[in-house]
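Chemist: Below is protein-v8.cif; it holds mmCIF, N, CA and C atoms.
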data_coords
#
loop_
_atom_site.group_PDB
_atom_site.id
_atom_site.type_symbol
_atom_site.label_atom_id
_atom_site.label_comp_id
_atom_site.auth_asym_id
_atom_site.auth_seq_id
_atom_site.Cartn_x
_atom_site.Cartn_y
_atom_site.Cartn_z
ATOM 1 N N MET A 9 2.439 -242.302 8.214
ATOM 2 C CA MET A 9 1.593 -242.090 7.055
ATOM 3 C C MET A 9 2.010 -243.081 5.974
ATOM 4 N N ASP A 10 1.043 -243.810 5.462
ATOM 5 C CA ASP A 10 1.340 -244.807 4.436
ATOM 6 C C ASP A 10 0.803 -244.447 3.057
ATOM 7 N N SER A 11 0.054 -243.354 2.963
ATOM 8 C CA SER A 11 -0.404 -242.915 1.643
ATOM 9 C C SER A 11 -0.642 -241.408 1.674
ATOM 10 N N PHE A 12 -0.458 -240.795 0.504
ATOM 11 C CA PHE A 12 -0.662 -239.354 0.355
ATOM 12 C C PHE A 12 -1.021 -239.084 -1.095
ATOM 13 N N ASN A 13 -2.036 -238.291 -1.315
ATOM 14 C CA ASN A 13 -2.511 -237.988 -2.672
ATOM 15 C C ASN A 13 -2.762 -239.255 -3.480
ATOM 16 N N GLY A 14 -3.280 -240.285 -2.825
ATOM 17 C CA GLY A 14 -3.617 -241.528 -3.510
ATOM 18 C C GLY A 14 -2.439 -242.408 -3.862
ATOM 19 N N LYS A 15 -1.249 -242.075 -3.376
ATOM 20 C CA LYS A 15 -0.059 -242.872 -3.679
ATOM 21 C C LYS A 15 0.436 -243.556 -2.400
ATOM 22 N N PRO A 16 1.026 -244.743 -2.530
ATOM 23 C CA PRO A 16 1.544 -245.447 -1.345
ATOM 24 C C PRO A 16 2.875 -244.845 -0.886
ATOM 25 N N THR A 17 2.807 -243.703 -0.245
ATOM 26 C CA THR A 17 3.998 -242.966 0.145
ATOM 27 C C THR A 17 3.718 -242.127 1.382
ATOM 28 N N GLY A 18 4.754 -241.631 1.991
ATOM 29 C CA GLY A 18 4.625 -240.669 3.077
ATOM 30 C C GLY A 18 4.548 -239.271 2.508
ATOM 31 N N ALA A 19 4.676 -238.278 3.378
ATOM 32 C CA ALA A 19 4.572 -236.900 2.920
ATOM 33 C C ALA A 19 5.328 -235.973 3.859
ATOM 34 N N VAL A 20 5.617 -234.787 3.351
ATOM 35 C CA VAL A 20 6.136 -233.688 4.155
ATOM 36 C C VAL A 20 5.215 -232.494 3.922
ATOM 37 N N ALA A 21 5.151 -231.612 4.903
ATOM 38 C CA ALA A 21 4.270 -230.452 4.794
ATOM 39 C C ALA A 21 4.945 -229.238 5.415
ATOM 40 N N SER A 22 4.556 -228.061 4.956
ATOM 41 C CA SER A 22 5.052 -226.823 5.551
ATOM 42 C C SER A 22 3.861 -225.990 6.015
ATOM 43 N N TYR A 23 4.118 -225.214 7.066
ATOM 44 C CA TYR A 23 3.082 -224.390 7.690
ATOM 45 C C TYR A 23 3.664 -223.028 8.027
ATOM 46 N N ARG A 24 2.796 -222.081 8.288
ATOM 47 C CA ARG A 24 3.221 -220.805 8.845
ATOM 48 C C ARG A 24 2.365 -220.541 10.077
ATOM 49 N N VAL A 25 2.873 -219.704 10.954
ATOM 50 C CA VAL A 25 2.123 -219.307 12.139
ATOM 51 C C VAL A 25 1.563 -217.917 11.877
ATOM 52 N N ALA A 26 0.253 -217.789 11.972
ATOM 53 C CA ALA A 26 -0.417 -216.497 11.786
ATOM 54 C C ALA A 26 -1.485 -216.355 12.864
ATOM 55 N N ASN A 27 -1.433 -215.274 13.576
ATOM 56 C CA ASN A 27 -2.391 -215.027 14.659
ATOM 57 C C ASN A 27 -2.416 -216.172 15.666
ATOM 58 N N GLY A 28 -1.241 -216.738 15.932
ATOM 59 C CA GLY A 28 -1.136 -217.811 16.917
ATOM 60 C C GLY A 28 -1.643 -219.155 16.451
ATOM 61 N N GLU A 29 -1.946 -219.301 15.170
ATOM 62 C CA GLU A 29 -2.454 -220.562 14.628
ATOM 63 C C GLU A 29 -1.575 -221.043 13.481
ATOM 64 N N LEU A 30 -1.485 -222.378 13.333
ATOM 65 C CA LEU A 30 -0.778 -222.965 12.192
ATOM 66 C C LEU A 30 -1.673 -222.928 10.964
ATOM 67 N N GLN A 31 -1.111 -222.465 9.861
ATOM 68 C CA GLN A 31 -1.833 -222.459 8.589
ATOM 69 C C GLN A 31 -1.017 -223.249 7.576
ATOM 70 N N PRO A 32 -1.621 -224.241 6.909
ATOM 71 C CA PRO A 32 -0.880 -225.035 5.927
ATOM 72 C C PRO A 32 -0.454 -224.194 4.727
ATOM 73 N N LEU A 33 0.785 -224.438 4.266
ATOM 74 C CA LEU A 33 1.293 -223.769 3.067
ATOM 75 C C LEU A 33 1.403 -224.733 1.896
ATOM 76 N N SER A 34 1.999 -225.915 2.147
ATOM 77 C CA SER A 34 2.204 -226.862 1.049
ATOM 78 C C SER A 34 2.439 -228.257 1.610
ATOM 79 N N ALA A 35 2.281 -229.249 0.754
ATOM 80 C CA ALA A 35 2.561 -230.639 1.106
ATOM 81 C C ALA A 35 2.994 -231.374 -0.157
ATOM 82 N N GLN A 36 3.920 -232.328 0.013
ATOM 83 C CA GLN A 36 4.446 -233.088 -1.127
ATOM 84 C C GLN A 36 4.639 -234.550 -0.739
ATOM 85 N N ASN A 37 4.554 -235.425 -1.735
ATOM 86 C CA ASN A 37 4.885 -236.838 -1.535
ATOM 87 C C ASN A 37 6.362 -236.957 -1.191
ATOM 88 N N SER A 38 6.671 -237.866 -0.270
ATOM 89 C CA SER A 38 8.068 -238.196 -0.006
ATOM 90 C C SER A 38 8.429 -239.420 -0.845
ATOM 91 N N ALA A 39 9.605 -239.968 -0.628
ATOM 92 C CA ALA A 39 10.075 -241.077 -1.469
ATOM 93 C C ALA A 39 9.344 -242.393 -1.183
ATOM 94 N N SER A 40 8.942 -242.606 0.081
ATOM 95 C CA SER A 40 8.261 -243.855 0.424
ATOM 96 C C SER A 40 7.553 -243.714 1.760
ATOM 97 N N LYS A 41 6.982 -244.800 2.230
ATOM 98 C CA LYS A 41 6.152 -244.801 3.441
ATOM 99 C C LYS A 41 6.954 -244.517 4.705
ATOM 100 N N GLY A 42 6.241 -243.992 5.686
ATOM 101 C CA GLY A 42 6.810 -243.850 7.011
ATOM 102 C C GLY A 42 7.749 -242.684 7.199
ATOM 103 N N THR A 43 7.452 -241.535 6.601
ATOM 104 C CA THR A 43 8.306 -240.369 6.798
ATOM 105 C C THR A 43 8.359 -240.063 8.295
ATOM 106 N N CYS A 44 9.586 -240.029 8.849
ATOM 107 C CA CYS A 44 9.714 -239.921 10.301
ATOM 108 C C CYS A 44 10.586 -238.770 10.772
ATOM 109 N N HIS A 45 11.387 -238.169 9.918
ATOM 110 C CA HIS A 45 12.275 -237.096 10.363
ATOM 111 C C HIS A 45 12.545 -236.138 9.221
ATOM 112 N N VAL A 46 12.599 -234.842 9.536
ATOM 113 C CA VAL A 46 12.966 -233.835 8.547
ATOM 114 C C VAL A 46 14.036 -232.924 9.126
ATOM 115 N N ALA A 47 14.823 -232.314 8.261
ATOM 116 C CA ALA A 47 15.849 -231.353 8.652
ATOM 117 C C ALA A 47 15.951 -230.297 7.560
ATOM 118 N N VAL A 48 16.229 -229.073 7.963
ATOM 119 C CA VAL A 48 16.402 -227.965 7.018
ATOM 120 C C VAL A 48 17.866 -227.538 7.065
ATOM 121 N N ASP A 49 18.455 -227.289 5.898
ATOM 122 C CA ASP A 49 19.855 -226.854 5.873
ATOM 123 C C ASP A 49 19.980 -225.437 6.437
ATOM 124 N N ARG A 50 21.225 -225.020 6.674
ATOM 125 C CA ARG A 50 21.444 -223.730 7.343
ATOM 126 C C ARG A 50 21.004 -222.535 6.510
ATOM 127 N N THR A 51 20.845 -222.708 5.183
ATOM 128 C CA THR A 51 20.370 -221.608 4.346
ATOM 129 C C THR A 51 18.851 -221.470 4.397
ATOM 130 N N GLY A 52 18.167 -222.513 4.886
ATOM 131 C CA GLY A 52 16.709 -222.496 4.916
ATOM 132 C C GLY A 52 16.079 -222.767 3.567
ATOM 133 N N ARG A 53 16.892 -223.244 2.610
ATOM 134 C CA ARG A 53 16.376 -223.462 1.247
ATOM 135 C C ARG A 53 16.214 -224.923 0.872
ATOM 136 N N VAL A 54 16.722 -225.854 1.688
ATOM 137 C CA VAL A 54 16.632 -227.274 1.370
ATOM 138 C C VAL A 54 16.100 -228.033 2.581
ATOM 139 N N LEU A 55 15.097 -228.861 2.364
ATOM 140 C CA LEU A 55 14.555 -229.729 3.400
ATOM 141 C C LEU A 55 14.866 -231.175 3.031
ATOM 142 N N LEU A 56 15.361 -231.937 3.980
ATOM 143 C CA LEU A 56 15.610 -233.366 3.805
ATOM 144 C C LEU A 56 14.592 -234.139 4.628
ATOM 145 N N ALA A 57 14.147 -235.290 4.114
ATOM 146 C CA ALA A 57 13.207 -236.133 4.834
ATOM 147 C C ALA A 57 13.694 -237.573 4.813
ATOM 148 N N ALA A 58 13.551 -238.272 5.948
ATOM 149 C CA ALA A 58 13.892 -239.690 6.060
ATOM 150 C C ALA A 58 12.604 -240.486 6.161
ATOM 151 N N ASP A 59 12.521 -241.591 5.413
ATOM 152 C CA ASP A 59 11.345 -242.461 5.402
ATOM 153 C C ASP A 59 11.716 -243.802 6.035
ATOM 154 N N TYR A 60 11.270 -244.030 7.259
ATOM 155 C CA TYR A 60 11.612 -245.238 7.994
ATOM 156 C C TYR A 60 11.107 -246.492 7.281
ATOM 157 N N GLY A 61 9.818 -246.514 6.975
ATOM 158 C CA GLY A 61 9.208 -247.714 6.390
ATOM 159 C C GLY A 61 9.775 -248.095 5.039
ATOM 160 N N GLY A 62 10.146 -247.116 4.252
ATOM 161 C CA GLY A 62 10.643 -247.390 2.917
ATOM 162 C C GLY A 62 12.153 -247.351 2.802
ATOM 163 N N GLY A 63 12.832 -247.006 3.897
ATOM 164 C CA GLY A 63 14.294 -246.963 3.854
ATOM 165 C C GLY A 63 14.825 -245.997 2.823
ATOM 166 N N SER A 64 14.306 -244.767 2.821
ATOM 167 C CA SER A 64 14.708 -243.818 1.787
ATOM 168 C C SER A 64 14.885 -242.419 2.360
ATOM 169 N N ALA A 65 15.447 -241.541 1.548
ATOM 170 C CA ALA A 65 15.603 -240.130 1.881
ATOM 171 C C ALA A 65 15.228 -239.310 0.654
ATOM 172 N N THR A 66 14.770 -238.088 0.901
ATOM 173 C CA THR A 66 14.310 -237.200 -0.170
ATOM 174 C C THR A 66 14.727 -235.778 0.150
ATOM 175 N N SER A 67 14.981 -234.973 -0.875
ATOM 176 C CA SER A 67 15.228 -233.545 -0.651
ATOM 177 C C SER A 67 14.204 -232.726 -1.430
ATOM 178 N N PHE A 68 13.918 -231.550 -0.877
ATOM 179 C CA PHE A 68 12.956 -230.612 -1.454
ATOM 180 C C PHE A 68 13.552 -229.219 -1.362
ATOM 181 N N LEU A 69 13.215 -228.367 -2.300
ATOM 182 C CA LEU A 69 13.581 -226.955 -2.201
ATOM 183 C C LEU A 69 12.478 -226.220 -1.456
ATOM 184 N N LEU A 70 12.868 -225.238 -0.648
ATOM 185 C CA LEU A 70 11.922 -224.378 0.068
ATOM 186 C C LEU A 70 11.986 -222.976 -0.519
ATOM 187 N N THR A 71 10.842 -222.460 -0.931
ATOM 188 C CA THR A 71 10.748 -221.093 -1.442
ATOM 189 C C THR A 71 9.589 -220.418 -0.736
ATOM 190 N N ASP A 72 9.892 -219.383 0.019
ATOM 191 C CA ASP A 72 8.873 -218.678 0.809
ATOM 192 C C ASP A 72 8.075 -219.655 1.672
ATOM 193 N N GLY A 73 8.763 -220.670 2.204
ATOM 194 C CA GLY A 73 8.133 -221.644 3.081
ATOM 195 C C GLY A 73 7.380 -222.752 2.373
ATOM 196 N N ARG A 74 7.339 -222.715 1.060
ATOM 197 C CA ARG A 74 6.608 -223.744 0.289
ATOM 198 C C ARG A 74 7.589 -224.780 -0.254
ATOM 199 N N LEU A 75 7.143 -226.023 -0.254
ATOM 200 C CA LEU A 75 7.958 -227.146 -0.711
ATOM 201 C C LEU A 75 7.820 -227.377 -2.204
ATOM 202 N N SER A 76 8.937 -227.629 -2.867
ATOM 203 C CA SER A 76 8.906 -228.059 -4.268
ATOM 204 C C SER A 76 8.539 -229.535 -4.308
ATOM 205 N N ALA A 77 8.338 -230.057 -5.495
ATOM 206 C CA ALA A 77 8.274 -231.510 -5.656
ATOM 207 C C ALA A 77 9.650 -232.061 -5.289
ATOM 208 N N ALA A 78 9.754 -233.344 -5.036
ATOM 209 C CA ALA A 78 11.032 -233.961 -4.661
ATOM 210 C C ALA A 78 12.096 -233.659 -5.706
ATOM 211 N N MET A 79 13.266 -233.223 -5.241
ATOM 212 C CA MET A 79 14.385 -232.909 -6.131
ATOM 213 C C MET A 79 15.348 -234.090 -6.250
ATOM 214 N N TRP A 80 15.462 -234.889 -5.208
ATOM 215 C CA TRP A 80 16.393 -236.021 -5.159
ATOM 216 C C TRP A 80 15.808 -237.069 -4.225
ATOM 217 N N THR A 81 15.964 -238.332 -4.574
ATOM 218 C CA THR A 81 15.574 -239.426 -3.687
ATOM 219 C C THR A 81 16.639 -240.510 -3.717
ATOM 220 N N GLU A 82 16.751 -241.206 -2.618
ATOM 221 C CA GLU A 82 17.663 -242.342 -2.506
ATOM 222 C C GLU A 82 16.943 -243.436 -1.734
ATOM 223 N N HIS A 83 16.872 -244.629 -2.332
ATOM 224 C CA HIS A 83 16.283 -245.797 -1.680
ATOM 225 C C HIS A 83 17.429 -246.711 -1.258
ATOM 226 N N TYR A 84 17.565 -246.905 0.049
ATOM 227 C CA TYR A 84 18.675 -247.682 0.582
ATOM 228 C C TYR A 84 18.337 -249.167 0.592
ATOM 229 N N THR A 85 19.355 -250.000 0.494
ATOM 230 C CA THR A 85 19.175 -251.451 0.496
ATOM 231 C C THR A 85 19.953 -252.049 1.657
ATOM 232 N N GLY A 86 19.816 -253.325 1.842
ATOM 233 C CA GLY A 86 20.539 -254.009 2.902
ATOM 234 C C GLY A 86 19.623 -254.308 4.070
ATOM 235 N N HIS A 87 20.225 -254.800 5.145
ATOM 236 C CA HIS A 87 19.468 -255.136 6.347
ATOM 237 C C HIS A 87 20.334 -254.869 7.566
ATOM 238 N N GLY A 88 19.702 -254.897 8.729
ATOM 239 C CA GLY A 88 20.416 -254.656 9.968
ATOM 240 C C GLY A 88 21.167 -255.887 10.433
ATOM 241 N N PRO A 89 21.867 -255.776 11.568
ATOM 242 C CA PRO A 89 22.667 -256.889 12.073
ATOM 243 C C PRO A 89 21.834 -258.108 12.471
ATOM 244 N N ASN A 90 20.565 -257.910 12.794
ATOM 245 C CA ASN A 90 19.668 -259.023 13.115
ATOM 246 C C ASN A 90 18.733 -259.206 11.917
ATOM 247 N N ALA A 91 19.209 -259.932 10.919
ATOM 248 C CA ALA A 91 18.490 -260.039 9.635
ATOM 249 C C ALA A 91 17.088 -260.630 9.778
ATOM 250 N N SER A 92 16.835 -261.423 10.814
ATOM 251 C CA SER A 92 15.504 -262.012 10.958
ATOM 252 C C SER A 92 14.450 -260.972 11.319
ATOM 253 N N ARG A 93 14.820 -259.853 11.959
ATOM 254 C CA ARG A 93 13.837 -258.816 12.273
ATOM 255 C C ARG A 93 14.154 -257.480 11.595
ATOM 256 N N GLN A 94 15.280 -257.396 10.930
ATOM 257 C CA GLN A 94 15.665 -256.174 10.215
ATOM 258 C C GLN A 94 15.946 -256.541 8.764
ATOM 259 N N GLN A 95 14.882 -256.931 8.066
ATOM 260 C CA GLN A 95 15.019 -257.494 6.725
ATOM 261 C C GLN A 95 15.276 -256.453 5.644
ATOM 262 N N SER A 96 15.075 -255.177 5.970
ATOM 263 C CA SER A 96 15.306 -254.140 4.966
ATOM 264 C C SER A 96 15.840 -252.879 5.651
ATOM 265 N N ALA A 97 16.252 -251.940 4.841
ATOM 266 C CA ALA A 97 16.774 -250.673 5.358
ATOM 267 C C ALA A 97 15.648 -249.846 5.972
ATOM 268 N N HIS A 98 15.969 -249.101 7.035
ATOM 269 C CA HIS A 98 15.029 -248.189 7.689
ATOM 270 C C HIS A 98 15.757 -246.887 8.000
ATOM 271 N N ALA A 99 15.441 -245.852 7.251
ATOM 272 C CA ALA A 99 16.058 -244.546 7.498
ATOM 273 C C ALA A 99 15.385 -243.912 8.718
ATOM 274 N N HIS A 100 16.188 -243.557 9.725
ATOM 275 C CA HIS A 100 15.663 -243.009 10.970
ATOM 276 C C HIS A 100 15.809 -241.498 11.073
ATOM 277 N N PHE A 101 16.803 -240.934 10.389
ATOM 278 C CA PHE A 101 17.243 -239.583 10.695
ATOM 279 C C PHE A 101 17.944 -238.995 9.478
ATOM 280 N N CYS A 102 17.917 -237.696 9.341
ATOM 281 C CA CYS A 102 18.675 -237.020 8.283
ATOM 282 C C CYS A 102 19.221 -235.711 8.848
ATOM 283 N N PHE A 103 20.368 -235.281 8.318
ATOM 284 C CA PHE A 103 20.941 -234.017 8.739
ATOM 285 C C PHE A 103 21.860 -233.485 7.649
ATOM 286 N N VAL A 104 22.215 -232.223 7.785
ATOM 287 C CA VAL A 104 23.098 -231.566 6.824
ATOM 288 C C VAL A 104 24.357 -231.148 7.572
ATOM 289 N N LEU A 105 25.500 -231.539 7.056
ATOM 290 C CA LEU A 105 26.766 -231.119 7.647
ATOM 291 C C LEU A 105 27.025 -229.650 7.308
ATOM 292 N N ALA A 106 27.389 -228.880 8.292
ATOM 293 C CA ALA A 106 27.737 -227.476 8.046
ATOM 294 C C ALA A 106 29.153 -227.400 7.506
ATOM 295 N N ARG A 107 29.392 -226.510 6.593
ATOM 296 C CA ARG A 107 30.740 -226.326 6.029
ATOM 297 C C ARG A 107 31.190 -224.919 6.233
#
The structure in this file should be written as structure tokens.
Modeler:
Amino acid sequence: MDSFNGKPTGAVASYRVANGELQPLSAQNSASKGTCHVAVDRTGRVLLAADYGGGSATSFLLTDGRLSAAMWTEHYTGHGPNASRQQSAHAHFCFVLAR
């Protein structure tokens, strides 16, 4: 996804299952294009999203399955070991360490 709500960004969404069908609950802009992975912390209250195209990560609060607006974002810089084809950062994955 390269745009959401008229902005050049990716998005995250939440759903619930009712009567065997998915029903949308909420959706929010992520930090940048290409949102590719999400993870929820063990409390079920924080969702993290990784944006491949924009090389960024974002966090959202979850309340009754609904997403808040972005609470934190980080845009990564740098390039991969093959600078000619990896000219910028690409976030692939996000996770929360259990404590």
Chemist: Nearest to Val46 of chain A: which of A:Val104, A:Ala21, A:Ala58, A:Ala26 is it, counting all atoms listed in the file?
Modeler: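 Checking each of A:Val104, A:Ala21, A:Ala58, A:Ala26 against Val46 of chain A, counting all atoms listed in the file, the winner is A:Ala58.
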Chemist: Fewer than 4 positions away in the same chain doesn't count, so skip those; otherwise give me all residues within 7 Å of Ala78 of chain A, counting only C-alpha atoms, as an mmCIF file with N, CA and C atoms, keeping the file's coordinate frame.
Modeler:
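This is the output file selection16.cif:
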data_model
loop_
_atom_site.group_PDB
_atom_site.id
_atom_site.type_symbol
_atom_site.label_atom_id
_atom_site.label_comp_id
_atom_site.auth_asym_id
_atom_site.auth_seq_id
_atom_site.Cartn_x
_atom_site.Cartn_y
_atom_site.Cartn_z
ATOM 1 N N SER A 38 6.671 -237.866 -0.270
ATOM 2 C CA SER A 38 8.068 -238.196 -0.006
ATOM 3 C C SER A 38 8.429 -239.420 -0.845
ATOM 4 N N THR A 66 14.770 -238.088 0.901
ATOM 5 C CA THR A 66 14.310 -237.200 -0.170
ATOM 6 C C THR A 66 14.727 -235.778 0.150
ATOM 7 N N SER A 67 14.981 -234.973 -0.875
ATOM 8 C CA SER A 67 15.228 -233.545 -0.651
ATOM 9 C C SER A 67 14.204 -232.726 -1.430
ATOM 10 N N PHE A 68 13.918 -231.550 -0.877
ATOM 11 C CA PHE A 68 12.956 -230.612 -1.454
ATOM 12 C C PHE A 68 13.552 -229.219 -1.362
#
Chemist: Name the residues in contact with Gly63 of chain A at a cut-off of 6 Å, using only N, CA and C atoms, excluding same-chain residues fewer than 3 positions from it; report them as a list in words.
Modeler: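 Final neighbour list, sorted by chain and number: Asp59, Tyr60, Glu82, His83, Tyr84, Ala97, His98 and Ala99 of chain A.
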Chemist: One decimal, in Å: what's the spacing between atom CA of Thr43 of chain A and atom CA of Asn27 of chain A?
Modeler: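 It comes out at 28.6 Å.
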Chemist: Can you turn the PyMOL selection byres (((chain A and resi 37 and name CA) around 10) and name CA) into a concrete residue list for this file, as a ChimeraX atom specification?
Modeler: /A:11-21,35-36,38-41,43,66,77-78
Chemist: Mind pulling up the distance from atom N of Gly62 of chain A to atom C of His87 of chain A?
Modeler: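 If I compute the distance from atom C of His87 of chain A to atom N of Gly62 of chain A, I get 13.2 Å.
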Chemist: Which is closer to Phe101 of chain A than all the others in A:Leu33, A:Val25, A:Leu55, A:Ala65, using only C-alpha atoms?
Modeler: A:Ala65
Chemist: Is there a way to get, as a ChimeraX atom specification, all residues within 7 Å of the point (7.9, -226.3, 2.1) in file coordinates, counting only C-alpha atoms?
Modeler: /A:21-22,34-35,70-71,73-76
Chemist: Give me, please, the distance in Å between atom CA of His100 of chain A and atom CA of Ser64 of chain A, quoted to one decimal.
Modeler: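 About the pair atom CA of His100 of chain A and atom CA of Ser64 of chain A: they are 9.3 Å apart.
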Chemist: Run DSSP on the backbone and tell me which residues of segment 17-104 of chain A come out as strand (DSSP E); list them as a PyMOL selection string.
Modeler: chain A and resi 19-26+29-37+43-48+54-59+64-71+74-75+80-83
Chemist: Which residue, A:Leu69, A:Cys102, A:Met79, A:Leu30, has the smallest gap to Arg53 of chain A when you use all atoms listed in the file?
Modeler: A:Leu69
Chemist: For a quick check of understanding, using all atoms listed in the file, which of A:Gly88, A:Phe103, A:Gln94, A:Gln31 has the smallest distance to Ala57 of chain A?
Modeler: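 Going through A:Gly88, A:Phe103, A:Gln94, A:Gln31 one by one, the smallest distance to Ala57 of chain A is for A:Phe103.
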Chemist: Output as a compact mmCIF listing (two decimals), in the frame of the given file: segment 14-28 of chain A, completed with N, CA, C and O atoms.
Modeler:
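Produced file part_23.txt, reproduced below:
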# COMPACT_ATOMS: atom_id res chain seq x y z
N GLY A 14 -3.28 -240.28 -2.82
CA GLY A 14 -3.62 -241.53 -3.51
C GLY A 14 -2.44 -242.41 -3.86
O GLY A 14 -2.59 -243.39 -4.59
N LYS A 15 -1.25 -242.08 -3.38
CA LYS A 15 -0.06 -242.87 -3.68
C LYS A 15 0.44 -243.56 -2.40
O LYS A 15 0.28 -243.00 -1.31
N PRO A 16 1.03 -244.74 -2.53
CA PRO A 16 1.54 -245.45 -1.34
C PRO A 16 2.88 -244.84 -0.89
O PRO A 16 3.94 -245.38 -1.15
N THR A 17 2.81 -243.70 -0.24
CA THR A 17 4.00 -242.97 0.14
C THR A 17 3.72 -242.13 1.38
O THR A 17 2.57 -241.93 1.76
N GLY A 18 4.75 -241.63 1.99
CA GLY A 18 4.62 -240.67 3.08
C GLY A 18 4.55 -239.27 2.51
O GLY A 18 4.41 -239.08 1.29
N ALA A 19 4.68 -238.28 3.38
CA ALA A 19 4.57 -236.90 2.92
C ALA A 19 5.33 -235.97 3.86
O ALA A 19 5.64 -236.33 4.99
N VAL A 20 5.62 -234.79 3.35
CA VAL A 20 6.14 -233.69 4.16
C VAL A 20 5.22 -232.49 3.92
O VAL A 20 4.57 -232.39 2.88
N ALA A 21 5.15 -231.61 4.90
CA ALA A 21 4.27 -230.45 4.79
C ALA A 21 4.94 -229.24 5.42
O ALA A 21 5.80 -229.38 6.29
N SER A 22 4.56 -228.06 4.96
CA SER A 22 5.05 -226.82 5.55
C SER A 22 3.86 -225.99 6.02
O SER A 22 2.77 -226.06 5.45
N TYR A 23 4.12 -225.21 7.07
CA TYR A 23 3.08 -224.39 7.69
C TYR A 23 3.66 -223.03 8.03
O TYR A 23 4.87 -222.86 8.10
N ARG A 24 2.80 -222.08 8.29
CA ARG A 24 3.22 -220.80 8.85
C ARG A 24 2.37 -220.54 10.08
O ARG A 24 1.27 -221.09 10.22
N VAL A 25 2.87 -219.70 10.95
CA VAL A 25 2.12 -219.31 12.14
C VAL A 25 1.56 -217.92 11.88
O VAL A 25 2.31 -216.99 11.55
N ALA A 26 0.25 -217.79 11.97
CA ALA A 26 -0.42 -216.50 11.79
C ALA A 26 -1.48 -216.36 12.86
O ALA A 26 -2.32 -217.26 13.04
N ASN A 27 -1.43 -215.27 13.58
CA ASN A 27 -2.39 -215.03 14.66
C ASN A 27 -2.42 -216.17 15.67
O ASN A 27 -3.47 -216.58 16.14
N GLY A 28 -1.24 -216.74 15.93
CA GLY A 28 -1.14 -217.81 16.92
C GLY A 28 -1.64 -219.16 16.45
O GLY A 28 -1.76 -220.09 17.24
